[in-house]
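K.L.:
Pasting in a structure now, in structure tokens, and then I'll have a few things to ask.
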Amino acid sequence: MLKGSDPQALTRRFEADAVEALLAGYRPLPGTHDEMLDADGRPRPHWVPLLAALAEMGHEEVERRFRAADRHLHRSGVFYRVYDDPTGGERPWPLSHLPLVIDAEEWRGLARGLIQRAQMLEGVLADLYGAANLVASGGLPAAVVAGSPEFLRPLVGVDPHGGSFLKLYAADLGRGPDGRWWVLSDRTQSPSGAGYALENRLAMSRALPDLTRSLNVVRLAGFFHEMRASLTKLDRSGEGRVGLLTPGPLNETYFEHAYLSRYLGFVLVEGEDLTVRDNTVYVRTIAGLKRADVLLRRLDSNFADPLELNGRSRLGVPGLVQAVRAGGVAVVNALGSGVVEAPALLGFLPRIGRQVLGVEPMLPNIATWWCGQAAEREQVLASLDDLVLSSAFRRSLPGLMEDGPLIGADLEPAQRALLEATIRTRGVDIIGQEAVKLSTMPVWRDGRLEARPFILRIFLAATEEGWKVMPGGFCRVSDSLDARAVTMQDGGRSADVWVLGEGPVEQTSLLPAPGRVDVRRQTGPLPSRAADNFFWLGRYVERAEATARLTRTLVGRLSASQAGGGSTVHQLFSLLDSWGAVPTTQGGRPHPPRHVVAALTRRDLPGSLPHLMDAAQRTASVIRDRLAPDAWRTLADILVLMDEPLSSASAEPDAYERADRLLRALAAFSGLASENMNRLSGWRFLDLGRRIERGIATCRFAGLLGRGEASAGALDVLLELCDSQITYRSRYVMVESRAPVLDLVLLDPVNPRSLAFQIDRIMEHLDALPGHHGDEPPPPEERLAARLAAGMKAFEANEFDDERLRKIAAQLMELSNDIAERYFIHRLPVETPWEQLA
């Protein structure tokens, strides 16, 4: 150190040099506002601490921390779905590792403007579904309202539960070249992204925990606490029953629906889970119908009720609109609130906003011209090269705007002519908007900082104390330098948003303090649909295992027979044929050996392994939030294995190896899915499905291979299919004999593969399920299971023939139907206490 030098000055100089090195090569886009650098290329003050910390860490440490954030998202199973993706559509959540940093003063201005805009849109909704003064006075053309598919006439005149249409609101913002924030679009239907914003924060908190504390980054939990309290208070029964209504697992943001329902303590439900009785909404659960007083919906309101709204909808609840009219349920946001999302409305909001609020709106929205008016139509036609053309009501325009907005300057001559003709003939369907030049923020790419455009979505919740703004948001960052729109569907990444506090941040958490957590051993209600899917997941996986075991056994014996001519081989082929795993032959001719490969490769055969595993994957996706992440990943690995090609030159050896690997993978899935689940109702239905399916398969195996004239070879195959060879060898030092073999695979109560073992477990599960009353006779499924158990004890092994085993298999199928009738189809009384749900 130089004599007389100031250590603090040297430290500052070192930090400045390190930051300068980090920023080397960072180039904001010409003519845009950059969030990190000012017009002179200097870092803005509120970004300096973050940049200094990254520079001090060094490249390797920064990369290590960002990988930790990615691992958190991967382990948490965070994904989003891309529509029309031939690979299945699920993508890992793409995190942009640098946050968007906003200082406290700027945030206060944004919050005030957004609260005012939420109040304005609430006023517009109240007028449109009430007095309609805005249309009557000429401030808003009637076609802008009536032309929207989200203006729901059945809801006109219906007062929203709780007094307001909007309980949640979000706005997409962009910053212009002059540094001003502009509203690009409003989200009043069912704003998405808050759950992803929370996951982004958790991932970044693990990557940069010291920075989030030292920079006083405001926490998000307080917002979610206020939001949950506001929704819970809408429950007039006082029991706080809130359901999150999702369109289902094929929705692009289904992960967020499942994640938020767990985080907020709500019940995740689909339309099939709900029913309306006497203007009240109930959840179908395995213990009866349970009242749902509040629904936080994540499906478009037009699909919410096929009786009064969209008759083609399979996502909604018949009778929901009438329940809303009668005040039997609170739906958040109110049905029909999406009408103010229409882009056509943006052209009128500045004027009608002044009429509703009595003051000038603080936050302007992007300049918009609706082509349903003559002057605006001509202005758009005259300025096509400078505008972005979009659907006026967020719906596809076939042949013109099927994939989103059009950039006027990029149009081909034929496309331009079609657009101009459409504007002149159907101008009500089209708007022109100013081409936004988005501001940029830094992203970390290949070990250095690069500038990329972004859009910021900010969320608000209505509470008893007024609108509360989430101190952060959902930031979508483009992968492209020329991005006039950013969407996760077309690529891009998501960044955390850090709002800096002016002092130490209160450590708010939605979770109770560790010393005040009440002990609970139940996880809440299990909807009938979830129970149904658990049951069938167990059946599909067990059926796939039986098919894989049968295929492996068959391939292993093909080489020992004469070109497939052995009787045992024919029996095994007949089993595969009976459940549709191999192609049917003409005239009952023997199956050629190559047909066995079809059981492992053909998706068009209903009993083949690819077909069964596809069904298992679809079923599991509905209850993905209830499965262990490792179990879900194992299922995904199985599907990848199914698609690996088999060598045509050595199909039989490859088929044996494929079947063997599948058996191990299926065993891993079953173990992870069941052993990592608490022994509550979901696990019981999963295991019930497995036990019924295994019992049916055992009956089929024993009926065909354990007949009175069965050879030692056939009995050995039976032991292999029932995975009981080792046990038999340890008990009997002899060749296979019919009586001991059948006793082991049918009657042995301690053999987990025996038929008796399956029936004993079935009885245990049925006895433990909810809905039992001691003073009532046993339900049909329990009586049938008891008859099965008694029948197993009434006969010796040698007395079981093919006919008796066929009857037992038929009774197991009947038992499956009885279980479905009681727990899935649902005809239970409403009076079953809510507390009995498990």
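Simple scheme: letters A, B, ... for chains in structure tokens order, numbers from 1 for residues in each chain, numbers from 1 for ligands in the order shown.
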Using only C-alpha atoms, find each residue of segment 679-776 of chain A with at least one atom at most 12 Å away from an atom of segment 579-603 of chain A; report its shortest atom-to-atom pair and that distance in Å (one decimal), sort the rows by chain and rising residue number, and return the result as a Markdown table.
P.N.:
```
| residue | atom | partner | partner_atom | distance |
| --- | --- | --- | --- | --- |
| A:Ile696 | CA | A:Trp579 | CA | 11.9 |
| A:Ala697 | CA | A:Trp579 | CA | 10.5 |
| A:Arg700 | CA | A:Trp579 | CA | 10.6 |
```
K.L.:
Excluding His97 of chain A and residues on its chain fewer than 4 positions from it, collect all residues at most 7 Å away from it, counting only C-alpha atoms, and give them as a PDB file with all heavy atoms, in the first residue's frame.
P.N.:
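Dumped everything to around.pdb:
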```pdb
ATOM      1  N   PHE A  66     -25.313 -19.428  -9.961  1.00  0.00           N
ATOM      2  CA  PHE A  66     -26.426 -19.472 -10.900  1.00  0.00           C
ATOM      3  C   PHE A  66     -26.839 -20.922 -11.174  1.00  0.00           C
ATOM      4  O   PHE A  66     -28.024 -21.212 -11.362  1.00  0.00           O
ATOM      5  CB  PHE A  66     -26.057 -18.774 -12.200  1.00  0.00           C
ATOM      6  CG  PHE A  66     -25.950 -17.268 -12.066  1.00  0.00           C
ATOM      7  CD1 PHE A  66     -25.330 -16.498 -13.038  1.00  0.00           C
ATOM      8  CD2 PHE A  66     -26.453 -16.616 -10.951  1.00  0.00           C
ATOM      9  CE1 PHE A  66     -25.244 -15.126 -12.926  1.00  0.00           C
ATOM     10  CE2 PHE A  66     -26.359 -15.240 -10.815  1.00  0.00           C
ATOM     11  CZ  PHE A  66     -25.754 -14.492 -11.809  1.00  0.00           C
ATOM     12  N   VAL A 443     -28.544  -9.435 -19.002  1.00  0.00           N
ATOM     13  CA  VAL A 443     -28.648 -10.872 -18.799  1.00  0.00           C
ATOM     14  C   VAL A 443     -27.234 -11.443 -18.798  1.00  0.00           C
ATOM     15  O   VAL A 443     -26.302 -10.843 -19.339  1.00  0.00           O
ATOM     16  CB  VAL A 443     -29.508 -11.553 -19.890  1.00  0.00           C
ATOM     17  CG1 VAL A 443     -30.915 -11.026 -19.883  1.00  0.00           C
ATOM     18  CG2 VAL A 443     -28.872 -11.377 -21.263  1.00  0.00           C
ATOM     19  N   TRP A 444     -27.081 -12.611 -18.168  1.00  0.00           N
ATOM     20  CA  TRP A 444     -25.774 -13.276 -18.101  1.00  0.00           C
ATOM     21  C   TRP A 444     -25.740 -14.351 -19.166  1.00  0.00           C
ATOM     22  O   TRP A 444     -26.468 -15.330 -19.091  1.00  0.00           O
ATOM     23  CB  TRP A 444     -25.587 -13.860 -16.704  1.00  0.00           C
ATOM     24  CG  TRP A 444     -24.246 -14.480 -16.452  1.00  0.00           C
ATOM     25  CD1 TRP A 444     -23.914 -15.792 -16.608  1.00  0.00           C
ATOM     26  CD2 TRP A 444     -23.069 -13.821 -15.983  1.00  0.00           C
ATOM     27  NE1 TRP A 444     -22.606 -16.005 -16.266  1.00  0.00           N
ATOM     28  CE2 TRP A 444     -22.057 -14.806 -15.871  1.00  0.00           C
ATOM     29  CE3 TRP A 444     -22.767 -12.505 -15.631  1.00  0.00           C
ATOM     30  CZ2 TRP A 444     -20.766 -14.508 -15.436  1.00  0.00           C
ATOM     31  CZ3 TRP A 444     -21.495 -12.209 -15.200  1.00  0.00           C
ATOM     32  CH2 TRP A 444     -20.507 -13.194 -15.110  1.00  0.00           C
ATOM     33  N   ALA A 495     -37.069 -13.264 -15.168  1.00  0.00           N
ATOM     34  CA  ALA A 495     -36.126 -12.735 -14.182  1.00  0.00           C
ATOM     35  C   ALA A 495     -36.866 -12.329 -12.919  1.00  0.00           C
ATOM     36  O   ALA A 495     -38.033 -11.924 -12.957  1.00  0.00           O
ATOM     37  CB  ALA A 495     -35.375 -11.525 -14.752  1.00  0.00           C
TER      38      ALA A 495
END
```
K.L.:
Return the single residue from A:Leu746, A:Ser313, A:Val329, A:Thr188 that is closest to Arg236 of chain A, with distances computed using only C-alpha atoms.
P.N.:
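Nearest candidate to Arg236 of chain A out of A:Leu746, A:Ser313, A:Val329, A:Thr188: A:Val329.
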K.L.:
Within 8 Å of segment 447-454 of chain A, counting only C-alpha atoms, which residues show up once you throw out same-chain ones fewer than 4 positions away? Write them as a short mmCIF file (atom, residue, chain, number, x, y, z; two decimals) with N, CA and C atoms, in the first residue's frame, please.
P.N.:
```cif
data_model
loop_
_atom_site.label_atom_id
_atom_site.label_comp_id
_atom_site.auth_asym_id
_atom_site.auth_seq_id
_atom_site.Cartn_x
_atom_site.Cartn_y
_atom_site.Cartn_z
N LEU A 22 -16.38 -5.85 -15.49
CA LEU A 22 -17.59 -6.65 -15.67
C LEU A 22 -18.46 -6.09 -16.79
N LEU A 23 -18.47 -4.75 -16.92
CA LEU A 23 -19.33 -4.10 -17.92
C LEU A 23 -18.68 -4.03 -19.29
N GLY A 25 -17.84 -4.57 -22.83
CA GLY A 25 -18.57 -5.24 -23.90
C GLY A 25 -20.08 -5.13 -23.79
N TYR A 26 -20.59 -4.57 -22.68
CA TYR A 26 -22.05 -4.42 -22.54
C TYR A 26 -22.51 -3.24 -23.38
N ARG A 27 -23.40 -3.47 -24.31
CA ARG A 27 -23.83 -2.43 -25.25
C ARG A 27 -25.36 -2.36 -25.29
N PRO A 28 -25.96 -1.36 -24.65
CA PRO A 28 -27.42 -1.19 -24.79
C PRO A 28 -27.80 -0.96 -26.25
N LEU A 29 -29.02 -1.30 -26.60
CA LEU A 29 -29.48 -1.12 -27.97
C LEU A 29 -29.63 0.36 -28.28
N ASP A 34 -31.85 1.98 -21.04
CA ASP A 34 -31.28 0.80 -20.40
C ASP A 34 -31.45 0.93 -18.89
N HIS A 59 -15.89 -14.85 -12.00
CA HIS A 59 -16.67 -15.59 -12.98
C HIS A 59 -17.07 -16.98 -12.49
N GLU A 63 -20.96 -18.31 -11.77
CA GLU A 63 -21.53 -19.45 -12.49
C GLU A 63 -22.01 -20.52 -11.51
N GLY A 174 -43.93 -1.59 -20.01
CA GLY A 174 -42.69 -1.42 -20.74
C GLY A 174 -42.23 0.02 -20.58
N LEU A 438 -38.91 -1.43 -26.50
CA LEU A 438 -38.77 -1.74 -25.08
C LEU A 438 -37.39 -1.37 -24.56
N SER A 439 -37.34 -1.02 -23.28
CA SER A 439 -36.05 -0.78 -22.64
C SER A 439 -35.35 -2.12 -22.41
N THR A 440 -34.07 -2.06 -22.09
CA THR A 440 -33.27 -3.27 -21.92
C THR A 440 -32.75 -3.39 -20.51
N MET A 441 -32.41 -4.63 -20.15
CA MET A 441 -31.79 -4.94 -18.86
C MET A 441 -30.69 -5.97 -19.11
N PRO A 442 -29.76 -6.16 -18.17
CA PRO A 442 -28.67 -7.10 -18.41
C PRO A 442 -29.11 -8.54 -18.19
N VAL A 443 -28.54 -9.43 -19.00
CA VAL A 443 -28.65 -10.87 -18.80
C VAL A 443 -27.23 -11.44 -18.80
N CYS A 475 -40.91 -10.74 -14.59
CA CYS A 475 -40.20 -10.06 -15.66
C CYS A 475 -39.88 -11.05 -16.77
N ARG A 476 -40.37 -10.80 -17.97
CA ARG A 476 -40.09 -11.65 -19.12
C ARG A 476 -39.03 -10.99 -20.00
N VAL A 477 -37.94 -11.69 -20.22
CA VAL A 477 -36.79 -11.15 -20.94
C VAL A 477 -36.66 -11.87 -22.28
N SER A 478 -36.51 -11.10 -23.33
CA SER A 478 -36.44 -11.69 -24.67
C SER A 478 -35.07 -12.29 -24.93
N ASP A 479 -35.05 -13.37 -25.72
CA ASP A 479 -33.79 -13.92 -26.21
C ASP A 479 -33.32 -13.20 -27.46
N SER A 480 -34.20 -12.37 -28.01
CA SER A 480 -33.89 -11.67 -29.25
C SER A 480 -33.58 -10.21 -28.98
N LEU A 481 -32.74 -9.64 -29.82
CA LEU A 481 -32.44 -8.21 -29.68
C LEU A 481 -33.57 -7.35 -30.23
N ASP A 482 -34.30 -7.88 -31.20
CA ASP A 482 -35.41 -7.13 -31.80
C ASP A 482 -36.71 -7.72 -31.29
N ALA A 483 -37.11 -7.33 -30.10
CA ALA A 483 -38.31 -7.92 -29.49
C ALA A 483 -39.32 -6.82 -29.23
N VAL A 486 -42.73 -9.90 -25.96
CA VAL A 486 -42.01 -10.97 -25.28
C VAL A 486 -43.02 -11.93 -24.70
#
```
K.L.:
Leu550 of chain A: which residues within 7 Å, counting only C-alpha atoms, same-chain residues fewer than 4 positions away excluded, as a PyMOL selection string?
P.N.:
chain A and resi 546+554+721
K.L.:
Rounded to one decimal, what separation in Å do you get between atom CA of Glu122 of chain A and atom CA of Glu150 of chain A?
P.N.:
15.3 Å
K.L.:
Near Gly113 of chain A, within 8 Å and counting only C-alpha atoms, which residues show up once chain neighbours fewer than 2 positions away are dropped, as a list in words?
P.N.:
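Everything that qualifies: Gly109, Leu110, Ala111, Ile115, Gln116, Arg117, Pro361, Met362 and Leu363 of chain A.
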K.L.:
Check the smallest atom-to-atom distance from each of A:Arg312, A:Arg187, A:Arg543, A:His72 to Glu693 of chain A using only C-alpha atoms, then report the winner.
P.N.:
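For Glu693 of chain A, the nearest of the given residues is A:Arg543.
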K.L.:
Identify, with DSSP run on backbone atoms, the residues in segment 235-377 of chain A assigned to helix (DSSP H, G or I), and express the list as JSON, numbers by chain.
P.N.:
{"A": [254, 255, 256, 257, 258, 259, 260, 261, 262, 263, 264, 271, 272, 273, 301, 302, 303, 320, 321, 322, 323, 324, 325, 337, 338, 339, 340, 341, 343, 344, 345, 346, 347, 349, 350, 351, 352, 353, 354, 355, 356, 357, 374, 375, 376, 377]}
K.L.:
Enumerate as a VMD selection string all residues of segment 30-211 of chain A assigned to strand (DSSP E or B) by DSSP on the backbone, naming them with the chain letters and numbers the document uses.
P.N.:
chain A and resid 34 37 43 79 to 81 90 to 92 95 to 102 168 to 175 181 to 187
K.L.:
For the selection you just gave me, I'd like the residues written to a file as a short mmCIF file (atom, residue, chain, number, x, y, z; two decimals), in the first residue's frame, keeping N, CA, C and O atoms.
P.N.:
```
data_model
loop_
_atom_site.label_atom_id
_atom_site.label_comp_id
_atom_site.auth_asym_id
_atom_site.auth_seq_id
_atom_site.Cartn_x
_atom_site.Cartn_y
_atom_site.Cartn_z
N ASP A 34 -31.85 1.98 -21.04
CA ASP A 34 -31.28 0.80 -20.40
C ASP A 34 -31.45 0.93 -18.89
O ASP A 34 -31.20 2.00 -18.32
N LEU A 37 -27.52 1.08 -17.15
CA LEU A 37 -26.62 2.18 -17.48
C LEU A 37 -27.41 3.43 -17.83
O LEU A 37 -28.47 3.36 -18.46
N PRO A 43 -23.07 3.12 -14.58
CA PRO A 43 -24.07 2.34 -13.86
C PRO A 43 -24.95 3.23 -13.00
O PRO A 43 -24.47 4.15 -12.33
N PHE A 79 -42.06 -25.93 -14.28
CA PHE A 79 -42.12 -26.06 -15.73
C PHE A 79 -43.23 -25.16 -16.26
O PHE A 79 -44.06 -24.63 -15.53
N TYR A 80 -43.21 -24.97 -17.56
CA TYR A 80 -44.34 -24.35 -18.25
C TYR A 80 -44.58 -25.14 -19.52
O TYR A 80 -43.72 -25.92 -19.96
N ARG A 81 -45.74 -24.99 -20.11
CA ARG A 81 -46.12 -25.81 -21.25
C ARG A 81 -46.21 -24.94 -22.50
O ARG A 81 -46.74 -23.83 -22.47
N GLU A 90 -43.77 -29.70 -22.36
CA GLU A 90 -43.26 -29.28 -21.06
C GLU A 90 -41.81 -28.82 -21.20
O GLU A 90 -40.97 -29.52 -21.74
N ARG A 91 -41.54 -27.63 -20.68
CA ARG A 91 -40.19 -27.08 -20.72
C ARG A 91 -39.75 -26.73 -19.30
O ARG A 91 -40.54 -26.22 -18.50
N PRO A 92 -38.47 -26.96 -18.98
CA PRO A 92 -37.96 -26.48 -17.69
C PRO A 92 -38.09 -24.96 -17.63
O PRO A 92 -37.97 -24.27 -18.64
N LEU A 95 -34.82 -19.48 -16.20
CA LEU A 95 -34.52 -18.36 -15.31
C LEU A 95 -33.41 -17.51 -15.90
O LEU A 95 -32.34 -18.01 -16.25
N SER A 96 -33.66 -16.22 -16.00
CA SER A 96 -32.60 -15.27 -16.32
C SER A 96 -31.95 -14.87 -15.00
O SER A 96 -32.62 -14.35 -14.11
N HIS A 97 -30.69 -15.13 -14.84
CA HIS A 97 -30.08 -15.15 -13.52
C HIS A 97 -29.87 -13.78 -12.89
O HIS A 97 -29.63 -13.69 -11.68
N LEU A 98 -29.92 -12.72 -13.67
CA LEU A 98 -29.77 -11.39 -13.08
C LEU A 98 -31.15 -10.79 -12.84
O LEU A 98 -32.02 -10.84 -13.72
N PRO A 99 -31.38 -10.21 -11.66
CA PRO A 99 -32.68 -9.61 -11.39
C PRO A 99 -32.81 -8.23 -12.02
O PRO A 99 -31.81 -7.58 -12.37
N LEU A 100 -34.04 -7.79 -12.20
CA LEU A 100 -34.32 -6.40 -12.52
C LEU A 100 -34.37 -5.63 -11.21
O LEU A 100 -35.13 -5.99 -10.31
N VAL A 101 -33.55 -4.59 -11.08
CA VAL A 101 -33.44 -3.85 -9.82
C VAL A 101 -34.17 -2.51 -9.97
O VAL A 101 -33.92 -1.76 -10.92
N ILE A 102 -35.09 -2.22 -9.02
CA ILE A 102 -35.87 -0.98 -9.03
C ILE A 102 -35.72 -0.31 -7.68
O ILE A 102 -35.90 -0.96 -6.64
N LEU A 168 -58.00 -9.31 -7.90
CA LEU A 168 -56.62 -9.40 -8.36
C LEU A 168 -56.51 -8.65 -9.67
O LEU A 168 -57.43 -8.66 -10.49
N TYR A 169 -55.37 -8.01 -9.86
CA TYR A 169 -55.14 -7.25 -11.10
C TYR A 169 -53.65 -7.28 -11.40
O TYR A 169 -52.81 -7.31 -10.48
N ALA A 170 -53.31 -7.34 -12.68
CA ALA A 170 -51.91 -7.26 -13.09
C ALA A 170 -51.83 -6.41 -14.35
O ALA A 170 -52.78 -6.34 -15.14
N ALA A 171 -50.70 -5.75 -14.51
CA ALA A 171 -50.47 -4.93 -15.69
C ALA A 171 -49.11 -5.27 -16.26
O ALA A 171 -48.13 -5.44 -15.53
N ASP A 172 -49.05 -5.36 -17.59
CA ASP A 172 -47.77 -5.52 -18.29
C ASP A 172 -47.24 -4.14 -18.64
O ASP A 172 -47.94 -3.35 -19.30
N LEU A 173 -46.02 -3.87 -18.21
CA LEU A 173 -45.42 -2.56 -18.39
C LEU A 173 -44.18 -2.64 -19.26
O LEU A 173 -43.44 -3.63 -19.23
N GLY A 174 -43.93 -1.59 -20.01
CA GLY A 174 -42.69 -1.42 -20.74
C GLY A 174 -42.23 0.02 -20.58
O GLY A 174 -43.04 0.92 -20.37
N ARG A 175 -40.93 0.22 -20.66
CA ARG A 175 -40.40 1.57 -20.52
C ARG A 175 -39.95 2.07 -21.89
O ARG A 175 -39.25 1.36 -22.62
N TRP A 181 -42.62 4.80 -17.93
CA TRP A 181 -43.28 3.50 -17.96
C TRP A 181 -44.63 3.64 -18.66
O TRP A 181 -45.35 4.61 -18.45
N TRP A 182 -44.95 2.64 -19.50
CA TRP A 182 -46.22 2.61 -20.22
C TRP A 182 -46.92 1.29 -19.94
O TRP A 182 -46.27 0.25 -19.84
N VAL A 183 -48.24 1.33 -19.84
CA VAL A 183 -49.02 0.10 -19.71
C VAL A 183 -49.23 -0.49 -21.10
O VAL A 183 -49.80 0.16 -21.98
N LEU A 184 -48.74 -1.71 -21.28
CA LEU A 184 -48.89 -2.39 -22.57
C LEU A 184 -50.19 -3.18 -22.64
O LEU A 184 -50.80 -3.30 -23.70
N SER A 185 -50.60 -3.75 -21.51
CA SER A 185 -51.86 -4.49 -21.47
C SER A 185 -52.29 -4.67 -20.02
O SER A 185 -51.46 -4.60 -19.10
N ASP A 186 -53.58 -4.88 -19.84
CA ASP A 186 -54.15 -5.12 -18.51
C ASP A 186 -54.54 -6.59 -18.39
O ASP A 186 -54.97 -7.21 -19.36
N ARG A 187 -54.42 -7.13 -17.17
CA ARG A 187 -54.77 -8.52 -16.90
C ARG A 187 -55.80 -8.56 -15.77
O ARG A 187 -55.47 -8.41 -14.60
#
```
K.L.:
Rounded to one decimal place, report the atom CA of Pro94 of chain A-atom CA of Arg633 of chain A distance in Å.
P.N.:
18.1 Å
K.L.:
Can you pull out the residues contacting segment 662-668 of chain A? Cut-off 9 Å, using only C-alpha atoms, and skip same-chain residues under 6 positions away; I want them as a list in words.
P.N.:
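Near segment 662-668 of chain A, the qualifying residues are Val541, Glu542, Ala544, Glu545, Ala546, Ala548, Arg549, Ala631, Thr634, Leu635, Asp637, Ile638, Leu641 and Met642 of chain A.
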K.L.:
In Å to one decimal, how far is atom CA of Ile458 of chain A from atom CA of Asn216 of chain A?
P.N.:
19.3 Å
K.L.:
Compile the contact shell of Asp748 of chain A as JSON, numbers by chain: residues with an atom at most 12 Å away, counting only C-alpha atoms, same-chain residues fewer than 5 positions apart removed.
P.N.:
{"A": [724, 727, 728, 739, 740, 741, 742, 743, 753, 754, 755, 756, 757, 758, 759, 760, 792, 793, 796, 797]}
K.L.:
Quick one: write out the picked residues with C-alpha atoms as a PDB file, in the first residue's frame?
P.N.:
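Listed below is the output, out-v9.pdb:
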```
ATOM      1  CA  SER A 724     -41.706 -66.164  -7.067  1.00  0.00           C
ATOM      2  CA  THR A 727     -39.054 -68.338  -2.871  1.00  0.00           C
ATOM      3  CA  TYR A 728     -40.091 -71.618  -4.482  1.00  0.00           C
ATOM      4  CA  ALA A 739     -49.881 -77.945  -5.855  1.00  0.00           C
ATOM      5  CA  PRO A 740     -46.937 -76.105  -4.237  1.00  0.00           C
ATOM      6  CA  VAL A 741     -46.633 -73.714  -7.176  1.00  0.00           C
ATOM      7  CA  LEU A 742     -50.321 -72.755  -7.036  1.00  0.00           C
ATOM      8  CA  ASP A 743     -50.215 -72.502  -3.255  1.00  0.00           C
ATOM      9  CA  ARG A 753     -47.118 -61.510  -5.328  1.00  0.00           C
ATOM     10  CA  SER A 754     -49.817 -63.997  -4.343  1.00  0.00           C
ATOM     11  CA  LEU A 755     -53.509 -63.542  -5.023  1.00  0.00           C
ATOM     12  CA  ALA A 756     -54.363 -63.927  -1.326  1.00  0.00           C
ATOM     13  CA  PHE A 757     -51.902 -61.179  -0.403  1.00  0.00           C
ATOM     14  CA  GLN A 758     -53.563 -58.791  -2.882  1.00  0.00           C
ATOM     15  CA  ILE A 759     -57.038 -59.483  -1.472  1.00  0.00           C
ATOM     16  CA  ASP A 760     -55.850 -59.001   2.125  1.00  0.00           C
ATOM     17  CA  MET A 792     -59.565 -68.031  -0.940  1.00  0.00           C
ATOM     18  CA  LYS A 793     -59.668 -69.761   2.452  1.00  0.00           C
ATOM     19  CA  GLU A 796     -56.899 -75.885  -1.429  1.00  0.00           C
ATOM     20  CA  ALA A 797     -54.462 -75.028  -4.187  1.00  0.00           C
TER      21      ALA A 797
END
```
K.L.:
Which of these residues is nearest to Val156 of chain A, using only C-alpha atoms: A:Ala55, A:Arg661, A:Ala203, A:Arg325?
P.N.:
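Under the stated criterion, the closest residue is A:Arg325.
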